[in-house]
Structure formats: C-alpha cells, structure tokens
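Structure file upload.cif with mmCIF, C-alpha atoms and all ligand atoms:
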data_my_file
loop_
_atom_site.label_atom_id
_atom_site.label_comp_id
_atom_site.auth_asym_id
_atom_site.auth_seq_id
_atom_site.Cartn_x
_atom_site.Cartn_y
_atom_site.Cartn_z
CA MET V 1 127.10 93.58 65.97
CA ASN V 2 125.62 96.37 68.05
CA THR V 3 123.39 94.26 70.27
CA VAL V 4 124.11 95.16 73.88
CA LEU V 5 123.62 92.19 76.22
CA TYR V 6 123.30 92.51 80.00
CA VAL V 7 123.64 89.25 81.92
CA VAL V 8 121.72 89.66 85.19
CA ILE V 9 122.95 87.44 88.01
CA PRO V 10 121.34 87.40 91.50
CA CYS V 11 123.78 86.54 94.29
CA TYR V 12 122.97 85.76 97.89
CA ASN V 13 125.84 84.63 100.14
CA GLU V 14 127.80 83.28 97.19
CA GLN V 15 131.40 84.00 98.23
CA GLU V 16 132.39 80.38 97.53
CA VAL V 17 131.01 80.07 94.04
CA LEU V 18 131.47 83.59 92.69
CA PRO V 19 135.25 83.38 92.22
CA ILE V 20 134.72 80.25 90.08
CA THR V 21 131.73 81.28 87.99
CA SER V 22 132.56 84.98 87.44
CA GLY V 23 135.44 83.91 85.17
CA LEU V 24 133.15 81.54 83.26
CA PHE V 25 130.59 84.30 82.71
CA LEU V 26 133.29 86.68 81.47
CA ASN V 27 134.69 84.01 79.12
CA GLU V 28 131.27 83.47 77.60
CA LEU V 29 130.69 87.21 77.22
CA THR V 30 134.06 87.89 75.58
CA ASP V 31 133.58 84.83 73.37
CA LEU V 32 130.25 86.23 72.13
CA ILE V 33 131.82 89.67 71.64
CA GLY V 34 134.71 88.07 69.74
CA LYS V 35 132.29 86.22 67.46
CA GLY V 36 130.56 89.53 66.72
CA LYS V 37 127.23 88.36 68.15
CA ILE V 38 127.02 91.10 70.78
CA SER V 39 128.55 94.52 71.29
CA ASP V 40 131.62 95.23 73.44
CA ASP V 41 129.33 97.45 75.55
CA SER V 42 127.72 94.28 76.93
CA ARG V 43 127.98 93.75 80.67
CA ILE V 44 127.68 91.20 83.44
CA LEU V 45 125.47 92.75 86.13
CA PHE V 46 125.62 91.09 89.54
CA VAL V 47 122.79 91.83 91.96
CA ASN V 48 123.87 91.40 95.55
CA ASP V 49 120.71 90.40 97.40
CA GLY V 50 121.67 91.62 100.88
CA SER V 51 124.36 88.97 101.38
CA ARG V 52 125.84 88.59 104.85
CA ASP V 53 129.20 87.26 103.64
CA SER V 54 131.82 88.94 101.44
CA THR V 55 129.81 88.62 98.19
CA TRP V 56 129.48 92.40 97.71
CA ASP V 57 133.21 92.96 98.28
CA LEU V 58 133.94 90.32 95.68
CA ILE V 59 131.58 91.97 93.19
CA ARG V 60 133.21 95.36 93.76
CA LYS V 61 136.63 93.80 93.27
CA LEU V 62 135.52 92.18 90.00
CA ALA V 63 134.07 95.52 88.80
CA GLY V 64 137.42 97.16 89.54
CA GLU V 65 139.32 94.52 87.58
CA ASP V 66 137.29 94.36 84.37
CA PRO V 67 134.94 96.98 82.92
CA HIS V 68 132.58 94.22 81.74
CA PHE V 69 131.61 93.53 85.35
CA LEU V 70 129.04 95.71 87.10
CA GLY V 71 127.22 95.29 90.39
CA ILE V 72 124.26 96.66 92.27
CA SER V 73 123.40 95.91 95.85
CA GLN V 74 119.94 95.64 97.33
CA SER V 75 119.39 97.39 100.63
CA ARG V 76 118.53 94.02 102.22
CA ASN V 77 117.72 90.44 101.32
CA ARG V 78 114.49 90.39 99.34
CA GLY V 79 114.64 86.98 97.70
CA HIS V 80 115.65 85.65 94.32
CA GLN V 81 112.66 86.94 92.31
CA ASN V 82 113.03 90.53 93.53
CA ALA V 83 116.78 90.41 92.95
CA VAL V 84 116.30 89.32 89.33
CA LEU V 85 113.68 92.05 88.85
CA ALA V 86 116.02 94.70 90.30
CA GLY V 87 118.76 93.64 87.86
CA LEU V 88 116.44 93.57 84.85
CA MET V 89 114.98 97.01 85.61
CA GLU V 90 118.46 98.45 86.18
CA ALA V 91 119.69 96.99 82.89
CA MET V 92 116.63 98.06 80.87
CA PRO V 93 117.82 101.56 79.83
CA TYR V 94 121.21 100.29 78.63
CA ALA V 95 120.56 96.85 77.14
CA ASP V 96 119.02 95.57 73.91
CA ILE V 97 118.73 92.12 75.47
CA THR V 98 119.10 90.71 78.98
CA ILE V 99 119.76 87.17 80.12
CA SER V 100 118.97 86.25 83.72
CA ILE V 101 120.89 83.31 85.18
CA ASP V 102 121.79 81.99 88.66
CA CYS V 103 125.32 82.56 89.82
CA ASP V 104 126.10 78.99 90.92
CA GLY V 105 126.96 77.56 87.49
CA GLN V 106 124.08 75.06 87.60
CA ASP V 107 122.62 76.40 84.39
CA ASP V 108 124.80 75.77 81.34
CA ILE V 109 126.48 79.14 80.73
CA THR V 110 127.35 78.22 77.14
CA ALA V 111 123.62 77.98 76.28
CA MET V 112 123.70 81.81 76.19
CA GLU V 113 125.08 81.63 72.66
CA LYS V 114 122.06 79.62 71.49
CA MET V 115 119.81 82.17 73.20
CA VAL V 116 121.50 85.11 71.46
CA ASP V 117 121.27 83.23 68.12
CA ALA V 118 117.56 82.67 68.70
CA TYR V 119 117.18 86.42 69.36
CA HIS V 120 118.95 87.25 66.10
CA GLN V 121 116.53 84.88 64.37
CA GLY V 122 113.57 86.89 65.65
CA ALA V 123 112.65 85.60 69.12
CA GLU V 124 112.18 88.26 71.79
CA VAL V 125 111.82 85.90 74.73
CA VAL V 126 114.02 82.79 74.86
CA TYR V 127 113.30 80.33 77.67
CA GLY V 128 116.16 78.20 78.94
CA VAL V 129 114.60 74.78 79.45
CA ARG V 130 116.23 71.86 81.25
CA SER V 131 116.51 68.92 78.89
CA SER V 132 116.38 66.45 81.78
CA ARG V 133 116.23 66.36 85.56
CA LYS V 134 118.91 63.69 85.99
CA THR V 135 120.86 65.69 88.58
CA ASP V 136 117.77 66.17 90.77
CA THR V 137 116.80 63.90 93.62
CA PHE V 138 113.76 61.69 93.00
CA PHE V 139 111.79 63.86 95.42
CA LYS V 140 112.62 67.16 93.70
CA ARG V 141 111.96 65.67 90.27
CA THR V 142 108.50 64.32 91.08
CA THR V 143 107.39 67.36 93.11
CA ALA V 144 108.58 69.69 90.33
CA GLN V 145 106.63 67.74 87.72
CA LEU V 146 103.54 67.76 89.90
CA PHE V 147 103.94 71.50 90.40
CA TYR V 148 104.06 72.27 86.66
CA LYS V 149 101.02 70.05 86.05
CA LEU V 150 99.17 71.82 88.87
CA LEU V 151 100.14 75.26 87.52
CA ASN V 152 98.94 74.41 84.03
CA GLY V 153 95.76 72.87 85.44
CA MET V 154 95.08 76.16 87.22
CA GLY V 155 95.47 78.10 84.00
CA VAL V 156 98.97 79.50 84.65
CA GLU V 157 101.06 79.41 81.47
CA ALA V 158 104.43 78.34 82.84
CA VAL V 159 106.96 76.77 80.46
CA TYR V 160 107.67 73.20 81.60
CA ASN V 161 111.11 72.79 83.23
CA HIS V 162 111.99 76.45 82.79
CA ALA V 163 113.15 78.37 85.85
CA ASP V 164 114.63 81.85 85.51
CA TYR V 165 117.33 81.31 82.87
CA ARG V 166 115.84 83.47 80.16
CA LEU V 167 116.69 85.96 77.42
CA VAL V 168 114.37 88.94 77.14
CA SER V 169 114.53 91.82 74.63
CA SER V 170 114.31 95.42 75.82
CA ARG V 171 110.93 95.78 74.08
CA VAL V 172 109.53 92.92 76.19
CA LEU V 173 111.17 94.34 79.30
CA ARG V 174 109.53 97.73 78.79
CA ALA V 175 106.14 96.04 78.44
CA PHE V 176 106.93 93.90 81.48
CA ALA V 177 107.78 97.00 83.52
CA ASP V 178 104.07 97.87 83.39
CA TYR V 179 103.24 94.74 85.39
CA LYS V 180 103.33 96.46 88.74
CA GLU V 181 102.49 93.57 91.08
CA VAL V 182 104.62 93.06 94.18
CA ASN V 183 103.88 89.32 94.44
CA LEU V 184 106.39 88.09 91.89
CA PHE V 185 106.53 84.81 90.01
CA LEU V 186 108.58 85.86 86.99
CA ARG V 187 108.45 82.59 85.05
CA GLY V 188 104.65 82.76 85.02
CA MET V 189 104.55 86.49 84.24
CA PHE V 190 106.74 86.65 81.13
CA PRO V 191 104.44 84.36 79.09
CA LEU V 192 101.66 86.89 79.83
CA VAL V 193 103.61 89.67 78.11
CA GLY V 194 103.54 87.83 74.79
CA PHE V 195 105.80 88.59 71.79
CA ASN V 196 107.70 85.97 69.78
CA SER V 197 109.17 83.33 72.07
CA THR V 198 111.13 80.12 71.77
CA SER V 199 113.03 77.68 73.98
CA VAL V 200 116.64 76.60 74.18
CA TYR V 201 117.45 73.26 75.84
CA TYR V 202 120.37 72.72 78.19
CA GLU V 203 121.64 70.27 80.77
CA ARG V 204 121.49 71.48 84.38
CA HIS V 205 124.49 70.56 86.54
CA GLU V 206 125.20 70.35 90.24
CA ARG V 207 126.04 73.59 92.06
CA MET V 208 129.77 74.37 91.55
CA ALA V 209 130.29 75.36 95.20
CA GLY V 210 128.38 76.56 98.25
CA GLU V 211 124.90 75.49 99.26
CA SER V 212 121.41 75.91 97.87
CA HIS V 213 119.34 78.75 99.33
CA TYR V 214 116.16 77.03 98.29
CA PRO V 215 115.21 74.53 100.97
CA LEU V 216 111.86 72.74 100.73
CA SER V 217 110.08 75.50 102.67
CA LYS V 218 111.18 78.21 100.20
CA MET V 219 110.35 75.97 97.25
CA LEU V 220 106.84 75.43 98.60
CA ALA V 221 106.47 79.17 99.23
CA LEU V 222 107.46 79.92 95.62
CA ALA V 223 105.08 77.25 94.31
CA PHE V 224 102.26 78.75 96.36
CA GLU V 225 103.17 82.24 95.20
CA GLY V 226 103.07 81.01 91.61
CA ILE V 227 99.56 79.68 91.93
CA THR V 228 97.99 82.41 94.04
CA SER V 229 99.65 85.28 92.15
CA LEU V 230 98.56 84.16 88.73
CA SER V 231 95.41 82.12 89.13
CA THR V 232 92.08 82.45 90.87
CA ALA V 233 91.23 78.80 90.20
CA PRO V 234 91.56 77.82 93.89
CA LEU V 235 88.78 80.28 94.78
CA HIS V 236 86.61 78.69 92.14
CA LEU V 237 87.49 75.24 93.49
CA ILE V 238 86.29 76.28 96.94
CA MET V 239 82.94 77.14 95.48
CA VAL V 240 82.71 73.83 93.57
CA LEU V 241 83.76 71.94 96.69
CA GLY V 242 81.19 73.83 98.75
CA CYS V 243 78.42 72.91 96.28
CA LEU V 244 79.51 69.25 96.24
CA ILE V 245 79.60 69.00 100.01
CA SER V 246 76.26 70.77 100.33
CA GLY V 247 74.80 68.22 97.90
CA LEU V 248 76.26 65.33 99.88
CA SER V 249 75.02 66.84 103.15
CA PHE V 250 71.53 67.13 101.69
CA ILE V 251 71.59 63.42 100.83
CA GLY V 252 72.86 62.73 104.35
CA VAL V 253 70.00 64.70 105.88
CA LEU V 254 67.46 62.84 103.73
CA TRP V 255 69.00 59.56 104.80
CA ALA V 256 68.81 60.58 108.47
CA ILE V 257 65.15 61.54 108.16
CA ILE V 258 64.29 58.24 106.45
CA MET V 259 66.13 56.29 109.16
CA GLN V 260 64.27 58.29 111.81
CA VAL V 261 60.91 57.55 110.19
CA LEU V 262 61.79 53.87 109.96
CA GLY V 263 62.81 54.00 113.59
CA ARG V 264 66.27 52.63 112.95
CA THR V 265 68.36 55.38 114.47
CA THR V 266 71.29 54.43 116.64
CA ALA V 267 73.59 56.53 118.75
CA GLY V 268 75.69 57.60 115.72
CA TRP V 269 78.40 59.30 117.67
CA ALA V 270 81.27 58.14 115.45
CA SER V 271 79.66 59.22 112.19
CA MET V 272 78.77 62.60 113.71
CA VAL V 273 82.34 63.22 114.75
CA CYS V 274 83.67 62.19 111.35
CA ILE V 275 81.30 64.51 109.53
CA LEU V 276 82.07 67.40 111.87
CA CYS V 277 85.82 66.97 111.50
CA PHE V 278 85.56 66.67 107.75
CA LEU V 279 83.42 69.74 107.35
CA GLY V 280 85.55 71.68 109.86
CA GLY V 281 88.68 70.83 107.86
CA ILE V 282 87.17 71.83 104.55
CA GLN V 283 85.94 75.10 106.00
CA LEU V 284 89.32 75.96 107.46
CA ILE V 285 91.14 75.19 104.21
CA SER V 286 88.63 77.28 102.28
CA ILE V 287 88.94 80.21 104.64
CA GLY V 288 92.73 79.82 104.47
CA ILE V 289 92.75 80.03 100.67
CA LEU V 290 90.48 83.08 100.79
CA GLY V 291 92.83 84.58 103.37
CA GLU V 292 95.83 84.04 101.09
CA TYR V 293 94.20 86.02 98.33
CA ILE V 294 93.04 88.76 100.69
CA GLY V 295 96.61 88.96 102.01
CA LYS V 296 97.87 89.39 98.46
CA VAL V 297 95.35 92.14 97.75
CA TYR V 298 96.51 93.82 100.96
CA LEU V 299 100.15 93.70 99.88
CA GLU V 300 99.35 94.94 96.38
CA THR V 301 97.35 97.92 97.66
CA LYS V 302 100.34 99.16 99.63
CA HIS V 303 102.36 99.65 96.42
CA ARG V 304 105.59 99.19 98.32
CA PRO V 305 108.78 99.28 96.25
CA ARG V 306 109.70 95.88 94.86
CA TYR V 307 113.39 96.50 95.32
CA ILE V 308 115.64 99.19 96.74
CA ILE V 309 119.14 99.58 95.39
CA SER V 310 121.55 100.91 97.98
CA GLN V 311 124.81 100.82 96.02
CA LYS V 312 126.12 100.57 92.49
CA THR V 313 129.68 99.71 91.58
CA TRP V 314 129.80 102.54 89.04
CA GLU V 315 128.57 105.10 91.54
CA GLU V 316 130.71 104.17 94.52
CA ALA V 317 129.91 106.84 97.04
CA GLU V 318 132.76 108.65 98.70
CA PRO V 319 132.34 108.77 102.47
CA VAL V 320 130.23 111.82 103.21
CA HIS V 321 132.01 114.34 105.45
CA LYS V 322 129.44 116.81 106.56
CA ASP V 323 130.64 120.14 107.85
CA PRO V 324 129.91 120.50 111.54
CA PRO V 325 127.06 122.94 112.27
CA PRO V 326 128.39 126.50 112.71
CA ASN V 327 128.94 127.62 116.28
CA THR V 328 126.29 130.01 117.41
N1 LIG V 401 119.33 83.97 95.56
C1 LIG V 401 119.05 85.32 95.82
N2 LIG V 401 118.36 85.64 96.97
C2 LIG V 401 117.91 84.70 97.84
C3 LIG V 401 118.16 83.32 97.53
C4 LIG V 401 118.87 83.00 96.39
O1 LIG V 401 119.45 86.21 95.06
O2 LIG V 401 117.30 85.07 98.84
C5 LIG V 401 120.09 83.62 94.35
C6 LIG V 401 121.28 82.71 94.56
O3 LIG V 401 122.45 83.43 94.86
C7 LIG V 401 121.37 82.00 93.21
C8 LIG V 401 119.93 81.91 92.76
O4 LIG V 401 119.22 82.90 93.50
O5 LIG V 401 122.10 82.74 92.25
C9 LIG V 401 119.32 80.54 92.98
O6 LIG V 401 119.51 80.13 94.31
P1 LIG V 401 120.02 78.67 94.68
O7 LIG V 401 121.08 78.22 93.74
O8 LIG V 401 120.39 78.70 96.12
O9 LIG V 401 118.69 77.80 94.47
P2 LIG V 401 118.55 76.33 93.80
O10 LIG V 401 119.28 76.39 92.49
O11 LIG V 401 119.15 75.38 94.75
O12 LIG V 401 117.06 76.16 93.63
MG MG V 402 121.20 76.83 92.30
#
The structure in this file should be written as structure tokens.
Amino acid sequence: MNTVLYVVIPCYNEQEVLPITSGLFLNELTDLIGKGKISDDSRILFVNDGSRDSTWDLIRKLAGEDPHFLGISQSRNRGHQNAVLAGLMEAMPYADITISIDCDGQDDITAMEKMVDAYHQGAEVVYGVRSSRKTDTFFKRTTAQLFYKLLNGMGVEAVYNHADYRLVSSRVLRAFADYKEVNLFLRGMFPLVGFNSTSVYYERHERMAGESHYPLSKMLALAFEGITSLSTAPLHLIMVLGCLISGLSFIGVLWAIIMQVLGRTTAGWASMVCILCFLGGIQLISIGILGEYIGKVYLETKHRPRYIISQKTWEEAEPVHKDPPPNT
C-alpha cells in the first residue's frame, strides 16, 4: 500500500514518558507497514513545543536511531494546539494521511489501525472518540460533559468526547490550511472543513509517566477559546439579557410610580443596593464578553505566525563559523 502516514505528536517537557511511548508508536507504525496498510515512507513526527527538559535531545536521539522518527522544534512554547498545527502543516507536503495523538500514551495507540482502515473505506476525517470517561475524576467528567453541551448549545459542532486524536487526509489538510485564524480550537475547526468523516472508539488510559500540563486554568482557557473562537452566541445572549433586564426594570419603575402615588414608599435602601449590584454585575460581564471578542479581533488582525519552527532533525544545522571581518 502506498499510503504515507505521518503521526504528529506534540511534546512538552515529556522526558519521562517519551522513552516509553516512542517504542509503542514505532511498533504500531511498523505493524501497519508490515500488514501493508501504509507505506514504509510513513513517519512519526514529534513536535517539541519549547520544552525546558531534555525532550528535544531525546527526539534527536530517536531520529538518529531509526529513520521512521522525525522531529521539529518550535522556537518556544506555544501550547498544545499550535504544536499540533505546526506538525500537521509540516507533514502536509509529504503525507497522504496524518494522525495527531498526545505523546503520553493516554490515547489507545492501537486504535490507529481502525483509523487507517476507516480511511481506506472512504473516510477523510476519522475522530478518535473516548468510549467512556472511567479514568477521569468525577469533576473532570462532569465539567467536560457540561462543556460539550455548552459548545453544542452555542452552535459549535464539536464531536462529543473527541479531543485531538484524529486522522485527517491530505485533501482535508490542504483545505484546512486556508483557515488562517490564530485563535485555535482544532477539534471545533475540523468539522467546519467538511468531507466524509467517521468516528473510532477507544478507551483512554492514565498517563504512562510524567504529569499533565493541563491544569484546571488551562482547561478553562481552552474551553473559553473554543466558545469565543467559533461562536458569536454569547454576544447575542448579551443582547437578549439586556432586553430582558430592561423589561424587568420597566416593570420595576412602574411599580415604584404606583407605590409613590399610593403613598406607600419606604426607605428602600436594601432593594436599591441589590438592584444596583445586580445591574452592575451584568454590565461588567457583558462588557467583558465584548472585550474578549474585541481582543480576538485584535489578535487576528495582526496576522502573527501561528508557529515558528527553529530546528528539524533532518536539517540539523552545523555550527555556523563566520569568517572574521577582514582587517582594514
Ligand atoms: N503539550 C504541548 N504543549 C503544551 C502543553 C502540552 O505540546 O504547552 C502536549 C503534551 O506534551 C501532550 C499533549 O500536549 O502530548 C497533552 O498534554 P497533557 O497530557 O499534559 O494534557 P492532558 O492529557 O492531561 O489533558
Ligand atoms: Mg495527557
């Protein structure tokens, strides 16, 4: 089979887990090559996302040991989404299909075979979907479910329980490359591209080693990015809320006038304060949401690069020895 597969793996400070999972990735790749499902030109492409530990050295060592391993390094840490994008764009000219997967072994590596099979049966995007969330804490499970419901409610087409374990054909990738936004939420963007898609179900495990780089704060940031990058529903909600509150205020004013006419007014200090606080809060939230969108517009207008690759394992630069300037 001539299908060239590039497995794109973002890595940020993963020196503990990489020695374990790199072998598993290679096994899966050679297994698929052996079964004739992909070409021997297929590669495992690690994307070092500005790690501060020895991750990049490990990747270079792997690339030296087996030609199936490749690596690129970002010029600094840019976050998981940008790292995946950098890998996908780098792989695009060489690959017929790409699979993006985390490097910590949490996603079932053997599900790649089912993804490749689905591609051969005609799917151009194959979403890896978690069959259950048994390994998650109660908190993560419920917040994740809430998040997907919220996303769908806001009109974002995100596949339920799918993160960034995904097969994409080069045709889809080329179409995706035209989505130039810098605010990235890949799992919500690929459904926008269209083409034939399907899902493959797998069990998600615990991390094999090392620690998660997604604390609650980063998770919330990604959730927020997902909503504000792909939906303008919150802006609409502000308007609806504003109309509702104006209506209520109008009733309140009528009520106050009637009470005044009937001469039953009291020193309503408490109710005044409550109303002021409530309205103040709503106004601040509304301005905040508007600000978020304006901030996004600001970032988009700059057209800054979404990733910068500083090194590639197959283009290892020799140290540059410049000639000293000639004596004058
Ligand atoms: N990652 C990255 N850049 C970052 C943070 C994470 O490339 O700034 C990578 C990380 O190495 C891993 C994947 O993104 O391969 C998912 O991160 P992690 O496993 O820490 O998140 P979790 O699975 O706990 O949500
Ligand atoms: Mg993980």
Let me know the centre plus edge lengths, in Å and rounded to one decimal, of a box with edges along x, y and z that contains all listed atoms of ligand LIG 401 (chain V) and is padded by 5 Å on every side, as AutoDock Vina command-line options.
--center_x 119.8 --center_y 80.8 --center_z 95.5 --size_x 15.4 --size_y 20.8 --size_z 16.6
Atomic distance CA of Ile227 (chain V) - CA of Ser286 (chain V), expressed in Å with one decimal
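If I compute the distance from CA of Ile227 (chain V) to CA of Ser286 (chain V), I get 15.2 Å.
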Kindly indicate which residue among V:Ser249, V:Thr98, V:Asn196, V:Thr137 lies nearest to Leu276 (chain V), using all atoms listed in the file for the distances.
V:Ser249
If the limit is 6 Å from any atom of ligand MG 402 (chain V), counting all atoms listed in the file, which residues qualify? Return them as a ChimeraX atom specification.
/V:104,106,207,212
Can you write out as a tab-separated table which residues of chain V fall within 10 Å of ligand LIG 401 (chain V), alongside each residue's closest atom pair and its distance in Å to one decimal, counting all atoms listed in the file and ordering rows by chain and ascending residue number?
residue	atom	partner	partner_atom	distance
V:Val8	CA	V:LIG401	O5	9.9
V:Ile9	CA	V:LIG401	O5	6.4
V:Pro10	CA	V:LIG401	O1	4.2
V:Cys11	CA	V:LIG401	O3	3.4
V:Tyr12	CA	V:LIG401	O3	3.9
V:Asn13	CA	V:LIG401	O3	6.4
V:Glu14	CA	V:LIG401	O3	5.8
V:Gln15	CA	V:LIG401	O3	9.6
V:Val17	CA	V:LIG401	O3	9.2
V:Leu18	CA	V:LIG401	O3	9.3
V:Phe46	CA	V:LIG401	O5	9.5
V:Val47	CA	V:LIG401	O1	7.2
V:Asn48	CA	V:LIG401	O1	6.8
V:Asp49	CA	V:LIG401	O1	5.0
V:Gly50	CA	V:LIG401	N2	7.9
V:Ser51	CA	V:LIG401	N2	8.2
V:Thr55	CA	V:LIG401	O3	9.6
V:Gln74	CA	V:LIG401	O1	9.7
V:Arg76	CA	V:LIG401	O2	9.6
V:Asn77	CA	V:LIG401	O2	5.9
V:Arg78	CA	V:LIG401	O2	6.0
V:Gly79	CA	V:LIG401	O2	3.5
V:His80	CA	V:LIG401	C1	3.7
V:Gln81	CA	V:LIG401	O1	7.4
V:Asn82	CA	V:LIG401	O1	7.9
V:Ala83	CA	V:LIG401	O1	5.4
V:Val84	CA	V:LIG401	O1	7.2
V:Ser100	CA	V:LIG401	O5	9.7
V:Ile101	CA	V:LIG401	O5	7.2
V:Asp102	CA	V:LIG401	O5	3.7
V:Cys103	CA	V:LIG401	O5	4.0
V:Asp104	CA	V:LIG401	O5	5.6
V:Gly105	CA	V:LIG401	O5	8.6
V:Gln106	CA	V:LIG401	O10	7.0
V:Asp107	CA	V:LIG401	O10	8.8
V:Ala163	CA	V:LIG401	O12	9.0
V:Asp164	CA	V:LIG401	C9	8.9
V:Arg204	CA	V:LIG401	O10	9.7
V:His205	CA	V:LIG401	O10	9.8
V:Glu206	CA	V:LIG401	O10	8.8
V:Arg207	CA	V:LIG401	O7	7.0
V:Met208	CA	V:LIG401	O7	9.8
V:Ala209	CA	V:LIG401	O7	9.8
V:Gly210	CA	V:LIG401	O8	8.5
V:Glu211	CA	V:LIG401	O8	6.4
V:Ser212	CA	V:LIG401	O8	3.4
V:His213	CA	V:LIG401	O8	3.4
V:Tyr214	CA	V:LIG401	O9	4.6
V:Pro215	CA	V:LIG401	O11	7.4
V:Leu216	CA	V:LIG401	O12	9.4
V:Lys218	CA	V:LIG401	O12	9.1
V:Met219	CA	V:LIG401	O12	7.6
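Residues surrounding Val159 (chain V) within 10 Å are Tyr127, Gly128, Val129, Tyr148, Leu151, Asn152, Ala163, Arg187, Gly188, Phe190, Pro191 and Ser199 of chain V [only C-alpha atoms; sequence separation below 4 positions excluded].
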Within 12 Å of Asn183 (chain V) using all atoms listed in the file, minus same-chain residues under 6 positions, as a PyMOL selection string
chain V and resi 78-79+81-82+85+189+221-222+224-230+292-293+295-307
Measuring between all atoms listed in the file, which one of V:Asn2, V:Asp66, V:Glu28, V:Val240 shows the shortest distance to Asp40 (chain V)?
V:Asn2
Nearest to Leu279 (chain V): which of V:Ile33, V:Ala111, V:Ile59, V:Leu248 is it, counting only C-alpha atoms?
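Ranked by minimum distance to Leu279 (chain V), first place goes to V:Leu248.
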Go through V:Ile109, V:Met239, V:Val172, V:Leu146 and flag the residue nearest Ala123 (chain V), using only C-alpha atoms for the distances.
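Nearest candidate to Ala123 (chain V) out of V:Ile109, V:Met239, V:Val172, V:Leu146: V:Val172.
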Point-to-point distance in Å for CA of Ala223 (chain V) and CA of Phe147 (chain V):
7.0 Å
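One finds CA of Leu29 (chain V) at 22.0 Å from CA of Asp57 (chain V).
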